[in-house]
$ cat model-v5.pdb   # PDB, C-alpha atoms, pLDDT in the B column
MODEL        1
ATOM      1  CA  MET A   1       0.000   0.000   0.000  1.00 46.00           C
ATOM      2  CA  ALA A   2       1.262   3.455  -0.858  1.00 53.00           C
ATOM      3  CA  LYS A   3       2.225   5.591   2.093  1.00 60.00           C
ATOM      4  CA  LYS A   4       0.854   9.105   2.347  1.00 57.00           C
ATOM      5  CA  SER A   5       4.374  10.422   1.715  1.00 63.00           C
ATOM      6  CA  ASP A   6       4.473   8.490  -1.606  1.00 78.00           C
ATOM      7  CA  VAL A   7       1.758  10.706  -3.117  1.00 79.00           C
ATOM      8  CA  VAL A   8       2.143  14.436  -3.672  1.00 84.00           C
ATOM      9  CA  GLY A   9      -0.802  16.772  -4.151  1.00 87.00           C
ATOM     10  CA  LEU A  10      -0.415  19.204  -7.023  1.00 87.00           C
ATOM     11  CA  ARG A  11      -2.575  22.093  -8.146  1.00 91.00           C
ATOM     12  CA  LEU A  12      -2.291  22.398 -11.902  1.00 91.00           C
ATOM     13  CA  ARG A  13      -3.446  25.180 -14.203  1.00 95.00           C
ATOM     14  CA  MET A  14      -4.122  24.410 -17.853  1.00 95.00           C
ATOM     15  CA  PRO A  15      -6.023  25.894 -20.765  1.00 97.00           C
ATOM     16  CA  ALA A  16      -9.717  24.948 -20.822  1.00 97.00           C
ATOM     17  CA  GLY A  17      -9.288  23.323 -24.236  1.00 97.00           C
ATOM     18  CA  VAL A  18      -6.557  21.012 -22.942  1.00 96.00           C
ATOM     19  CA  HIS A  19      -8.754  20.129 -19.968  1.00 96.00           C
ATOM     20  CA  ARG A  20     -11.623  19.209 -22.305  1.00 97.00           C
ATOM     21  CA  LEU A  21      -9.312  17.017 -24.405  1.00 96.00           C
ATOM     22  CA  LEU A  22      -7.944  15.264 -21.315  1.00 95.00           C
ATOM     23  CA  ALA A  23     -11.426  14.762 -19.861  1.00 96.00           C
ATOM     24  CA  ALA A  24     -12.661  13.237 -23.124  1.00 96.00           C
ATOM     25  CA  SER A  25      -9.630  10.965 -23.314  1.00 94.00           C
ATOM     26  CA  ALA A  26     -10.112   9.895 -19.694  1.00 93.00           C
ATOM     27  CA  LYS A  27     -13.747   9.038 -20.378  1.00 92.00           C
ATOM     28  CA  ARG A  28     -12.830   6.979 -23.468  1.00 91.00           C
ATOM     29  CA  ASN A  29     -10.182   5.108 -21.472  1.00 87.00           C
ATOM     30  CA  ASN A  30     -12.393   4.608 -18.399  1.00 83.00           C
ATOM     31  CA  ARG A  31      -9.938   6.507 -16.195  1.00 83.00           C
ATOM     32  CA  SER A  32     -10.229   9.439 -13.840  1.00 87.00           C
ATOM     33  CA  LEU A  33      -8.784  12.722 -15.053  1.00 92.00           C
ATOM     34  CA  ASN A  34      -5.949  12.303 -12.559  1.00 89.00           C
ATOM     35  CA  SER A  35      -5.170   8.799 -13.833  1.00 88.00           C
ATOM     36  CA  GLU A  36      -5.266   9.993 -17.444  1.00 92.00           C
ATOM     37  CA  ILE A  37      -2.760  12.764 -16.705  1.00 93.00           C
ATOM     38  CA  LEU A  38      -0.493  10.330 -14.827  1.00 90.00           C
ATOM     39  CA  TRP A  39      -0.706   7.792 -17.655  1.00 89.00           C
ATOM     40  CA  GLY A  40       0.194  10.431 -20.254  1.00 92.00           C
ATOM     41  CA  LEU A  41       3.117  11.725 -18.200  1.00 91.00           C
ATOM     42  CA  ALA A  42       4.385   8.175 -17.640  1.00 91.00           C
ATOM     43  CA  GLN A  43       4.242   7.501 -21.390  1.00 89.00           C
ATOM     44  CA  TYR A  44       6.156  10.718 -22.051  1.00 91.00           C
ATOM     45  CA  LEU A  45       8.788  10.146 -19.357  1.00 91.00           C
ATOM     46  CA  GLY A  46       9.088   6.348 -19.732  1.00 89.00           C
ATOM     47  CA  GLY A  47      11.255   4.163 -17.488  1.00 87.00           C
ATOM     48  CA  ASP A  48      10.684   4.562 -13.768  1.00 88.00           C
ATOM     49  CA  ALA A  49       7.688   6.869 -14.271  1.00 88.00           C
ATOM     50  CA  GLN A  50       5.807   4.039 -15.996  1.00 87.00           C
ATOM     51  CA  LYS A  51       6.698   1.647 -13.173  1.00 86.00           C
ATOM     52  CA  HIS A  52       5.423   4.087 -10.523  1.00 85.00           C
ATOM     53  CA  VAL A  53       2.124   4.667 -12.363  1.00 85.00           C
ATOM     54  CA  GLU A  54       1.620   0.927 -12.998  1.00 84.00           C
ATOM     55  CA  HIS A  55       2.254   0.230  -9.299  1.00 84.00           C
ATOM     56  CA  MET A  56      -0.361   2.832  -8.363  1.00 82.00           C
ATOM     57  CA  ALA A  57      -2.875   1.303 -10.800  1.00 80.00           C
ATOM     58  CA  VAL A  58      -2.348  -2.158  -9.294  1.00 82.00           C
ATOM     59  CA  HIS A  59      -2.882  -0.726  -5.825  1.00 80.00           C
ATOM     60  CA  GLN A  60      -6.107   1.039  -6.911  1.00 79.00           C
ATOM     61  CA  ARG A  61      -7.388  -2.235  -8.397  1.00 81.00           C
ATOM     62  CA  GLU A  62      -6.689  -4.052  -5.103  1.00 84.00           C
ATOM     63  CA  VAL A  63      -8.544  -1.337  -3.192  1.00 82.00           C
ATOM     64  CA  MET A  64     -11.551  -1.703  -5.524  1.00 80.00           C
ATOM     65  CA  HIS A  65     -11.536  -5.476  -5.040  1.00 81.00           C
ATOM     66  CA  ASN A  66     -11.576  -4.964  -1.258  1.00 80.00           C
ATOM     67  CA  VAL A  67     -14.494  -2.517  -1.537  1.00 81.00           C
ATOM     68  CA  LEU A  68     -16.472  -5.007  -3.650  1.00 80.00           C
ATOM     69  CA  ARG A  69     -15.751  -7.778  -1.131  1.00 78.00           C
ATOM     70  CA  ALA A  70     -16.987  -5.555   1.697  1.00 79.00           C
ATOM     71  CA  LEU A  71     -20.179  -4.664  -0.194  1.00 78.00           C
ATOM     72  CA  ALA A  72     -21.079  -8.226  -1.149  1.00 75.00           C
ATOM     73  CA  SER A  73     -23.121 -10.272   1.274  1.00 73.00           C
ATOM     74  CA  ASP A  74     -21.305 -13.523   0.459  1.00 80.00           C
ATOM     75  CA  PRO A  75     -17.955 -14.546  -1.082  1.00 80.00           C
ATOM     76  CA  GLU A  76     -19.563 -15.918  -4.270  1.00 82.00           C
ATOM     77  CA  ALA A  77     -21.328 -12.630  -4.959  1.00 80.00           C
ATOM     78  CA  ALA A  78     -18.069 -10.761  -4.307  1.00 79.00           C
ATOM     79  CA  ALA A  79     -16.211 -12.982  -6.783  1.00 82.00           C
ATOM     80  CA  LYS A  80     -18.833 -12.267  -9.464  1.00 82.00           C
ATOM     81  CA  MET A  81     -18.645  -8.512  -8.818  1.00 80.00           C
ATOM     82  CA  ILE A  82     -14.843  -8.557  -8.976  1.00 81.00           C
ATOM     83  CA  ALA A  83     -14.897 -10.571 -12.214  1.00 84.00           C
ATOM     84  CA  GLY A  84     -17.357  -8.079 -13.713  1.00 82.00           C
ATOM     85  CA  PHE A  85     -15.201  -5.147 -12.629  1.00 78.00           C
ATOM     86  CA  ASP A  86     -12.064  -6.715 -14.076  1.00 80.00           C
ATOM     87  CA  LYS A  87     -13.811  -7.570 -17.359  1.00 78.00           C
ATOM     88  CA  GLY A  88     -15.101  -4.021 -17.680  1.00 75.00           C
ATOM     89  CA  MET A  89     -11.602  -2.653 -17.127  1.00 70.00           C
ATOM     90  CA  GLU A  90     -10.152  -5.029 -19.741  1.00 68.00           C
ATOM     91  CA  ASP A  91     -12.881  -4.190 -22.268  1.00 64.00           C
ATOM     92  CA  LYS A  92     -11.988  -0.499 -22.023  1.00 56.00           C
ATOM     93  CA  ARG A  93      -8.332  -1.101 -22.951  1.00 56.00           C
TER      94      ARG A  93
ENDMDL
END
$ encode --input "model-v5.pdb" --output "structure tokens"
Amino acid sequence: MAKKSDVVGLRLRMPAGVHRLLAASAKRNNRSLNSEILWGLAQYLGGDAQKHVEHMAVHQREVMHNVLRALASDPEAAAKMIAGFDKGMEDKR
């Protein structure tokens, strides 16, 4: 799990047109705006940046799995919800 010190908050200013383009791209890729920006920066920077962003994505997926397990009333229902979540994420790629 990422420690609080592993994540830095950043206030970013950008032209409205760039924001619209990023928001549309995020929607197409089933990502949050933050994740879309991180993904784009990682692609641009390569190397370690990609590893850091991939690690964060894996962690977010684990968190979502835990939320689905907590919401489901039984383990079988949780497994179905997790499978559906994972399939939806794969279909968007």
$ resolve_selection --input "model-v5.pdb" --expression "the PyMOL selection byres ((chain A and resi 30) around 12)" --output "short mmCIF file (atom, residue, chain, number, x, y, z; two decimals) with C-alpha atoms, in the frame of the given file"
data_model
loop_
_atom_site.label_atom_id
_atom_site.label_comp_id
_atom_site.auth_asym_id
_atom_site.auth_seq_id
_atom_site.Cartn_x
_atom_site.Cartn_y
_atom_site.Cartn_z
CA LEU A 22 -7.94 15.26 -21.32
CA ALA A 23 -11.43 14.76 -19.86
CA ALA A 24 -12.66 13.24 -23.12
CA SER A 25 -9.63 10.96 -23.31
CA ALA A 26 -10.11 9.90 -19.69
CA LYS A 27 -13.75 9.04 -20.38
CA ARG A 28 -12.83 6.98 -23.47
CA ASN A 29 -10.18 5.11 -21.47
CA ARG A 31 -9.94 6.51 -16.20
CA SER A 32 -10.23 9.44 -13.84
CA LEU A 33 -8.78 12.72 -15.05
CA ASN A 34 -5.95 12.30 -12.56
CA SER A 35 -5.17 8.80 -13.83
CA GLU A 36 -5.27 9.99 -17.44
CA PHE A 85 -15.20 -5.15 -12.63
CA GLY A 88 -15.10 -4.02 -17.68
CA MET A 89 -11.60 -2.65 -17.13
CA GLU A 90 -10.15 -5.03 -19.74
CA ASP A 91 -12.88 -4.19 -22.27
CA LYS A 92 -11.99 -0.50 -22.02
CA ARG A 93 -8.33 -1.10 -22.95
#
$ resolve_selection --input "model-v5.pdb" --expression "the PyMOL selection byres ((chain A and resi 64) around 12)" --output "VMD selection string"
chain A and resid 57 to 63 65 to 71 78 81 to 86 89
$ atom_distance --input "model-v5.pdb" --atom1 "CA of Asp6 (chain A)" --atom2 "CA of Ala42 (chain A)"
16.0 Å
$ resolve_selection --input "model-v5.pdb" --expression "the PyMOL selection byres ((chain A and resi 53) around 10)" --output "ChimeraX atom specification"
/A:35,38-43,48-52,54-59
